[in-house]
>>> print(open('upload-v8.cif').read())   # mmCIF, C-alpha atoms; chains and numbers go by the auth columns
data_structure
#
loop_
_atom_site.group_PDB
_atom_site.id
_atom_site.type_symbol
_atom_site.label_atom_id
_atom_site.label_comp_id
_atom_site.label_asym_id
_atom_site.label_seq_id
_atom_site.Cartn_x
_atom_site.Cartn_y
_atom_site.Cartn_z
_atom_site.B_iso_or_equiv
_atom_site.auth_seq_id
_atom_site.auth_asym_id
ATOM 1 C CA MET A 1 10.479 14.504 24.579 0.00 148 Q
ATOM 2 C CA THR A 2 9.609 11.596 26.854 0.00 149 Q
ATOM 3 C CA GLU A 3 10.629 8.003 26.174 0.00 150 Q
ATOM 4 C CA CYS A 4 6.966 7.143 25.586 0.00 151 Q
ATOM 5 C CA GLU A 5 6.615 9.908 22.977 0.00 152 Q
ATOM 6 C CA THR A 6 9.815 8.806 21.241 0.00 153 Q
ATOM 7 C CA THR A 7 8.611 5.205 21.168 0.00 154 Q
ATOM 8 C CA ARG A 8 5.262 6.282 19.678 0.00 155 Q
ATOM 9 C CA LEU A 9 6.975 8.321 16.957 0.00 156 Q
ATOM 10 C CA VAL A 10 9.370 5.560 15.971 0.00 157 Q
ATOM 11 C CA ALA A 11 6.391 3.198 15.911 0.00 158 Q
ATOM 12 C CA TRP A 12 4.902 5.114 12.931 0.00 159 Q
ATOM 13 C CA SER A 13 7.977 4.335 10.882 0.00 160 Q
ATOM 14 C CA ARG A 14 7.871 0.666 11.903 0.00 161 Q
ATOM 15 C CA GLU A 15 4.144 0.485 11.217 0.00 162 Q
ATOM 16 C CA MET A 16 4.591 1.760 7.658 0.00 163 Q
ATOM 17 C CA ARG A 17 7.327 -0.827 7.038 0.00 164 Q
ATOM 18 C CA GLN A 18 5.048 -3.580 8.404 0.00 165 Q
ATOM 19 C CA VAL A 19 2.096 -2.455 6.284 0.00 166 Q
ATOM 20 C CA HIS A 20 4.276 -2.480 3.171 0.00 167 Q
ATOM 21 C CA ARG A 21 5.614 -5.938 4.077 0.00 168 Q
ATOM 22 C CA ARG A 22 2.077 -7.317 4.544 0.00 169 Q
ATOM 23 C CA LEU A 23 0.933 -5.842 1.228 0.00 170 Q
ATOM 24 C CA ARG A 24 3.948 -7.352 -0.530 0.00 171 Q
ATOM 25 C CA GLU A 25 3.063 -10.734 1.024 0.00 172 Q
ATOM 26 C CA ALA A 26 -0.570 -10.390 -0.077 0.00 173 Q
ATOM 27 C CA LEU A 27 0.523 -9.675 -3.644 0.00 174 Q
ATOM 28 C CA SER A 28 2.887 -12.635 -3.537 0.00 175 Q
ATOM 29 C CA LEU A 29 0.058 -14.928 -2.383 0.00 176 Q
ATOM 30 C CA THR A 30 -2.187 -13.599 -5.124 0.00 177 Q
ATOM 31 C CA ARG A 31 0.470 -14.253 -7.769 0.00 178 Q
ATOM 32 C CA ALA A 32 1.190 -17.717 -6.328 0.00 179 Q
ATOM 33 C CA SER A 33 -2.516 -18.536 -6.518 0.00 180 Q
ATOM 34 C CA LEU A 34 -2.536 -17.608 -10.193 0.00 181 Q
ATOM 35 C CA ALA A 35 0.702 -19.482 -10.935 0.00 182 Q
ATOM 36 C CA ASP A 36 -0.653 -22.578 -9.172 0.00 183 Q
ATOM 37 C CA GLY A 37 -2.800 -23.195 -12.231 0.00 184 Q
ATOM 38 C CA THR A 38 -5.680 -24.886 -10.428 0.00 185 Q
ATOM 39 C CA PRO A 39 -8.259 -25.306 -13.192 0.00 186 Q
ATOM 40 C CA GLY A 40 -11.851 -24.252 -13.240 0.00 187 Q
ATOM 41 C CA GLU A 41 -14.200 -22.552 -10.861 0.00 188 Q
ATOM 42 C CA SER A 42 -12.135 -23.304 -7.752 0.00 189 Q
ATOM 43 C CA ALA A 43 -9.153 -21.334 -9.045 0.00 190 Q
ATOM 44 C CA THR A 44 -11.376 -18.416 -10.029 0.00 191 Q
ATOM 45 C CA ARG A 45 -12.954 -18.304 -6.565 0.00 192 Q
ATOM 46 C CA GLU A 46 -9.545 -18.490 -4.890 0.00 193 Q
ATOM 47 C CA LEU A 47 -8.104 -15.763 -7.083 0.00 194 Q
ATOM 48 C CA LEU A 48 -11.149 -13.567 -6.480 0.00 195 Q
ATOM 49 C CA LEU A 49 -10.652 -14.000 -2.746 0.00 196 Q
ATOM 50 C CA TYR A 50 -6.949 -13.137 -2.896 0.00 197 Q
ATOM 51 C CA CYS A 51 -7.491 -10.231 -5.283 0.00 198 Q
ATOM 52 C CA HIS A 52 -10.367 -8.835 -3.256 0.00 199 Q
ATOM 53 C CA GLY A 53 -8.329 -8.981 -0.046 0.00 200 Q
ATOM 54 C CA PHE A 54 -5.202 -7.549 -1.632 0.00 201 Q
ATOM 55 C CA CYS A 55 -7.040 -4.801 -3.551 0.00 202 Q
ATOM 56 C CA THR A 56 -9.054 -3.785 -0.490 0.00 203 Q
ATOM 57 C CA ALA A 57 -5.987 -3.682 1.749 0.00 204 Q
ATOM 58 C CA LEU A 58 -3.901 -1.657 -0.702 0.00 205 Q
ATOM 59 C CA ASP A 59 -6.752 0.760 -1.397 0.00 206 Q
ATOM 60 C CA SER A 60 -7.382 1.214 2.344 0.00 207 Q
ATOM 61 C CA HIS A 61 -3.674 1.878 2.941 0.00 208 Q
ATOM 62 C CA HIS A 62 -3.574 4.580 0.285 0.00 209 Q
ATOM 63 C CA ARG A 63 -6.808 6.246 1.431 0.00 210 Q
ATOM 64 C CA GLY A 64 -5.432 6.425 4.988 0.00 211 Q
ATOM 65 C CA GLU A 65 -2.242 8.014 3.756 0.00 212 Q
ATOM 66 C CA ASP A 66 -4.045 10.501 1.502 0.00 213 Q
ATOM 67 C CA HIS A 67 -6.602 11.607 4.107 0.00 214 Q
ATOM 68 C CA THR A 68 -4.690 11.388 7.397 0.00 215 Q
ATOM 69 C CA LEU A 69 -0.954 10.793 7.140 0.00 216 Q
ATOM 70 C CA PHE A 70 0.021 12.992 4.199 0.00 217 Q
ATOM 71 C CA PRO A 71 -1.832 16.117 5.441 0.00 218 Q
ATOM 72 C CA ALA A 72 -0.019 15.755 8.786 0.00 219 Q
ATOM 73 C CA VAL A 73 3.336 15.369 7.029 0.00 220 Q
ATOM 74 C CA ALA A 74 2.596 18.373 4.773 0.00 221 Q
ATOM 75 C CA ALA A 75 1.719 20.529 7.783 0.00 222 Q
ATOM 76 C CA ALA A 76 4.901 19.583 9.646 0.00 223 Q
ATOM 77 C CA HIS A 77 7.187 19.488 6.578 0.00 224 Q
ATOM 78 C CA PRO A 78 5.897 21.778 3.796 0.00 225 Q
ATOM 79 C CA GLU A 79 9.080 21.112 1.814 0.00 226 Q
ATOM 80 C CA LEU A 80 7.776 17.550 1.251 0.00 227 Q
ATOM 81 C CA ARG A 81 4.597 18.635 -0.544 0.00 228 Q
ATOM 82 C CA PRO A 82 6.017 17.762 -4.014 0.00 229 Q
ATOM 83 C CA VAL A 83 6.948 14.290 -2.708 0.00 230 Q
ATOM 84 C CA LEU A 84 3.459 13.833 -1.287 0.00 231 Q
ATOM 85 C CA ARG A 85 1.840 14.939 -4.564 0.00 232 Q
ATOM 86 C CA SER A 86 3.942 12.379 -6.424 0.00 233 Q
ATOM 87 C CA LEU A 87 2.924 9.651 -3.966 0.00 234 Q
ATOM 88 C CA GLU A 88 -0.747 10.625 -4.323 0.00 235 Q
ATOM 89 C CA GLN A 89 -0.408 10.394 -8.118 0.00 236 Q
ATOM 90 C CA ASP A 90 0.994 6.893 -7.652 0.00 237 Q
ATOM 91 C CA HIS A 91 -2.030 6.060 -5.489 0.00 238 Q
ATOM 92 C CA SER A 92 -4.322 7.162 -8.304 0.00 239 Q
ATOM 93 C CA MET A 93 -2.438 5.100 -10.888 0.00 240 Q
ATOM 94 C CA ILE A 94 -2.410 2.040 -8.628 0.00 241 Q
ATOM 95 C CA ALA A 95 -6.168 2.429 -8.023 0.00 242 Q
ATOM 96 C CA HIS A 96 -6.684 2.455 -11.792 0.00 243 Q
ATOM 97 C CA LEU A 97 -4.583 -0.708 -12.189 0.00 244 Q
ATOM 98 C CA LEU A 98 -6.471 -2.401 -9.342 0.00 245 Q
ATOM 99 C CA GLY A 99 -9.744 -1.582 -11.112 0.00 246 Q
ATOM 100 C CA GLY A 100 -8.444 -3.266 -14.252 0.00 247 Q
ATOM 101 C CA LEU A 101 -7.427 -6.322 -12.243 0.00 248 Q
ATOM 102 C CA ARG A 102 -10.836 -6.547 -10.552 0.00 249 Q
ATOM 103 C CA THR A 103 -12.576 -6.352 -13.923 0.00 250 Q
ATOM 104 C CA ALA A 104 -10.306 -9.013 -15.414 0.00 251 Q
ATOM 105 C CA VAL A 105 -10.838 -11.354 -12.455 0.00 252 Q
ATOM 106 C CA GLU A 106 -14.630 -10.873 -12.514 0.00 253 Q
ATOM 107 C CA ARG A 107 -14.793 -11.829 -16.189 0.00 254 Q
ATOM 108 C CA ALA A 108 -12.456 -14.816 -15.611 0.00 255 Q
ATOM 109 C CA ALA A 109 -9.700 -13.525 -17.904 0.00 256 Q
ATOM 110 C CA PRO A 110 -7.015 -16.024 -18.910 0.00 257 Q
ATOM 111 C CA PRO A 111 -4.123 -16.496 -16.460 0.00 258 Q
ATOM 112 C CA GLU A 112 -1.667 -14.715 -18.775 0.00 259 Q
ATOM 113 C CA GLU A 113 -3.807 -11.572 -18.776 0.00 260 Q
ATOM 114 C CA LEU A 114 -4.281 -11.687 -15.008 0.00 261 Q
ATOM 115 C CA ASP A 115 -0.532 -12.060 -14.544 0.00 262 Q
ATOM 116 C CA GLN A 116 0.048 -8.985 -16.720 0.00 263 Q
ATOM 117 C CA HIS A 117 -2.249 -6.990 -14.430 0.00 264 Q
ATOM 118 C CA LEU A 118 -0.457 -8.282 -11.341 0.00 265 Q
ATOM 119 C CA GLU A 119 2.957 -7.586 -12.870 0.00 266 Q
ATOM 120 C CA GLY A 120 2.013 -3.971 -13.561 0.00 267 Q
ATOM 121 C CA ILE A 121 0.636 -3.488 -10.068 0.00 268 Q
ATOM 122 C CA SER A 122 3.687 -5.168 -8.565 0.00 269 Q
ATOM 123 C CA ALA A 123 6.157 -2.966 -10.445 0.00 270 Q
ATOM 124 C CA LEU A 124 4.421 0.295 -9.611 0.00 271 Q
ATOM 125 C CA MET A 125 3.670 -0.722 -6.013 0.00 272 Q
ATOM 126 C CA GLU A 126 7.275 -1.752 -5.289 0.00 273 Q
ATOM 127 C CA ASN A 127 8.673 1.436 -6.813 0.00 274 Q
ATOM 128 C CA HIS A 128 6.132 3.472 -4.848 0.00 275 Q
ATOM 129 C CA PHE A 129 6.883 1.735 -1.539 0.00 276 Q
ATOM 130 C CA ARG A 130 10.645 2.179 -1.927 0.00 277 Q
ATOM 131 C CA TYR A 131 10.316 5.869 -2.781 0.00 278 Q
ATOM 132 C CA GLU A 132 7.871 6.427 0.058 0.00 279 Q
ATOM 133 C CA GLU A 133 10.151 4.680 2.538 0.00 280 Q
ATOM 134 C CA ARG A 134 13.214 6.678 1.393 0.00 281 Q
ATOM 135 C CA GLN A 135 11.347 9.955 1.616 0.00 282 Q
ATOM 136 C CA LEU A 136 9.128 9.499 4.672 0.00 283 Q
ATOM 137 C CA LEU A 137 10.404 6.946 7.177 0.00 284 Q
ATOM 138 C CA THR A 138 12.768 9.382 8.894 0.00 285 Q
ATOM 139 C CA VAL A 139 10.047 12.035 8.901 0.00 286 Q
ATOM 140 C CA LEU A 140 7.587 9.615 10.496 0.00 287 Q
ATOM 141 C CA GLU A 141 9.997 9.095 13.376 0.00 288 Q
ATOM 142 C CA THR A 142 9.557 12.770 14.311 0.00 289 Q
ATOM 143 C CA LEU A 143 5.927 13.310 13.292 0.00 290 Q
ATOM 144 C CA GLU A 144 3.468 14.283 15.990 0.00 291 Q
ATOM 145 C CA LEU A 145 0.287 12.555 14.856 0.00 292 Q
ATOM 146 C CA THR A 146 -2.516 11.658 17.234 0.00 293 Q
ATOM 147 C CA ALA A 147 -4.388 9.439 14.781 0.00 294 Q
ATOM 148 C CA GLU A 148 -4.550 5.684 15.179 0.00 295 Q
ATOM 149 C CA PRO A 149 -2.221 3.724 12.863 0.00 296 Q
ATOM 150 C CA ARG A 150 -5.227 2.086 11.155 0.00 297 Q
ATOM 151 C CA GLU A 151 -6.648 5.492 10.323 0.00 298 Q
ATOM 152 C CA ALA A 152 -3.381 6.749 8.836 0.00 299 Q
ATOM 153 C CA LEU A 153 -2.051 3.561 7.216 0.00 300 Q
ATOM 154 C CA GLY A 154 -5.188 1.549 6.459 0.00 301 Q
ATOM 155 C CA LEU A 155 -6.821 -1.593 7.744 0.00 302 Q
ATOM 156 C CA LEU A 156 -5.001 -4.830 7.095 0.00 303 Q
#
>>> encode(input="upload-v8.cif", output="structure tokens")
Amino acid sequence: MTECETTRLVAWSREMRQVHRRLREALSLTRASLADGTPGESATRELLLYCHGFCTALDSHHRGEDHTLFPAVAAAHPELRPVLRSLEQDHSMIAHLLGGLRTAVERAAPPEELDQHLEGISALMENHFRYEERQLLTVLETLELTAEPREALGLL
């Protein structure tokens, strides 16, 4: 394996870590916006903006994994198929929670309710990211995948 190929493979692992870090930051900004307590229409607009950006980014990340990254991992490491199924189930649950958050934000739910949505998403997302990183980061360092990182890990 050439140095260039090794660098490209290790880059997949780093890219996943960076994507997870950016999504964690986006969630933190969204929660900070809610905790700020700015009253009225301005706060609702700001929260909608943060939620829309966060929800879109997280959804894009999971779609990229489900359609590009996970099939490549399954082909190279069939023993990881149960892990990948579990991660895909998490993606489905997170998508459901994101839908609930979007609905709550659109109807201007009280801050306490919005925080409950964000808390649920945060707990599941963090657990999911940690499991995914434990199970897949080493694998990504050896994965031969010709896709672009944005295709496999989502647009951020």
>>> closest_residue(input="upload-v8.cif", among="Q:Ala221, Q:Met272, Q:Leu205, Q:Leu234", to="Q:Val286", atoms="all atoms listed in the file")
Q:Ala221
>>> residues_around(input="upload-v8.cif", residues="Q:Arg228", least_positions_apart="6", cutoff="12 Å", atoms="only C-alpha atoms", output="list in words")
Phe217, Pro218, Ala219, Val220, Ala221, Ala222, Leu234, Glu235, Gln282 and Leu283 of chain Q
>>> atom_distance(input="upload-v8.cif", atom1="atom CA of Q:Ala173", atom2="atom CA of Q:Ala242")
16.1 Å
>>> closest_residue(input="upload-v8.cif", among="Q:Gln236, Q:Ile268, Q:Asp206, Q:Glu273", to="Q:Arg168", atoms="all atoms listed in the file")
Q:Glu273
>>> closest_residue(input="upload-v8.cif", among="Q:Arg171, Q:Arg210, Q:Arg178, Q:His199", to="Q:Asp262", atoms="all atoms listed in the file")
Q:Arg178
>>> closest_residue(input="upload-v8.cif", among="Q:Leu231, Q:Ala204, Q:Leu176, Q:Leu170", to="Q:Leu216", atoms="all atoms listed in the file")
Q:Leu231
>>> atom_distance(input="upload-v8.cif", atom1="atom CA of Q:Ala255", atom2="atom CA of Q:Leu271")
23.4 Å
>>> closest_residue(input="upload-v8.cif", among="Q:Ala223, Q:Ala182, Q:Cys202, Q:Leu244", to="Q:Leu290", atoms="all atoms listed in the file")
Q:Ala223
>>> closest_residue(input="upload-v8.cif", among="Q:Phe201, Q:Leu181, Q:His167, Q:Arg161", to="Q:Glu260", atoms="all atoms listed in the file")
Q:Leu181
>>> atom_distance(input="upload-v8.cif", atom1="atom CA of Q:Ile241", atom2="atom CA of Q:Ser175")
16.4 Å
>>> residues_near_point(input="upload-v8.cif", point="(5.3, 6.3, -2.9)", cutoff="8 Å", atoms="all atoms listed in the file", output="PyMOL selection string")
chain Q and resi 231+233-235+237-238+272+274-280
>>> residues_near_point(input="upload-v8.cif", point="(-2.2, -6.5, -15.8)", cutoff="9 Å", atoms="all atoms listed in the file", output="NGL selection string")
:Q and (244-245 or 247-248 or 251 or 259-268)
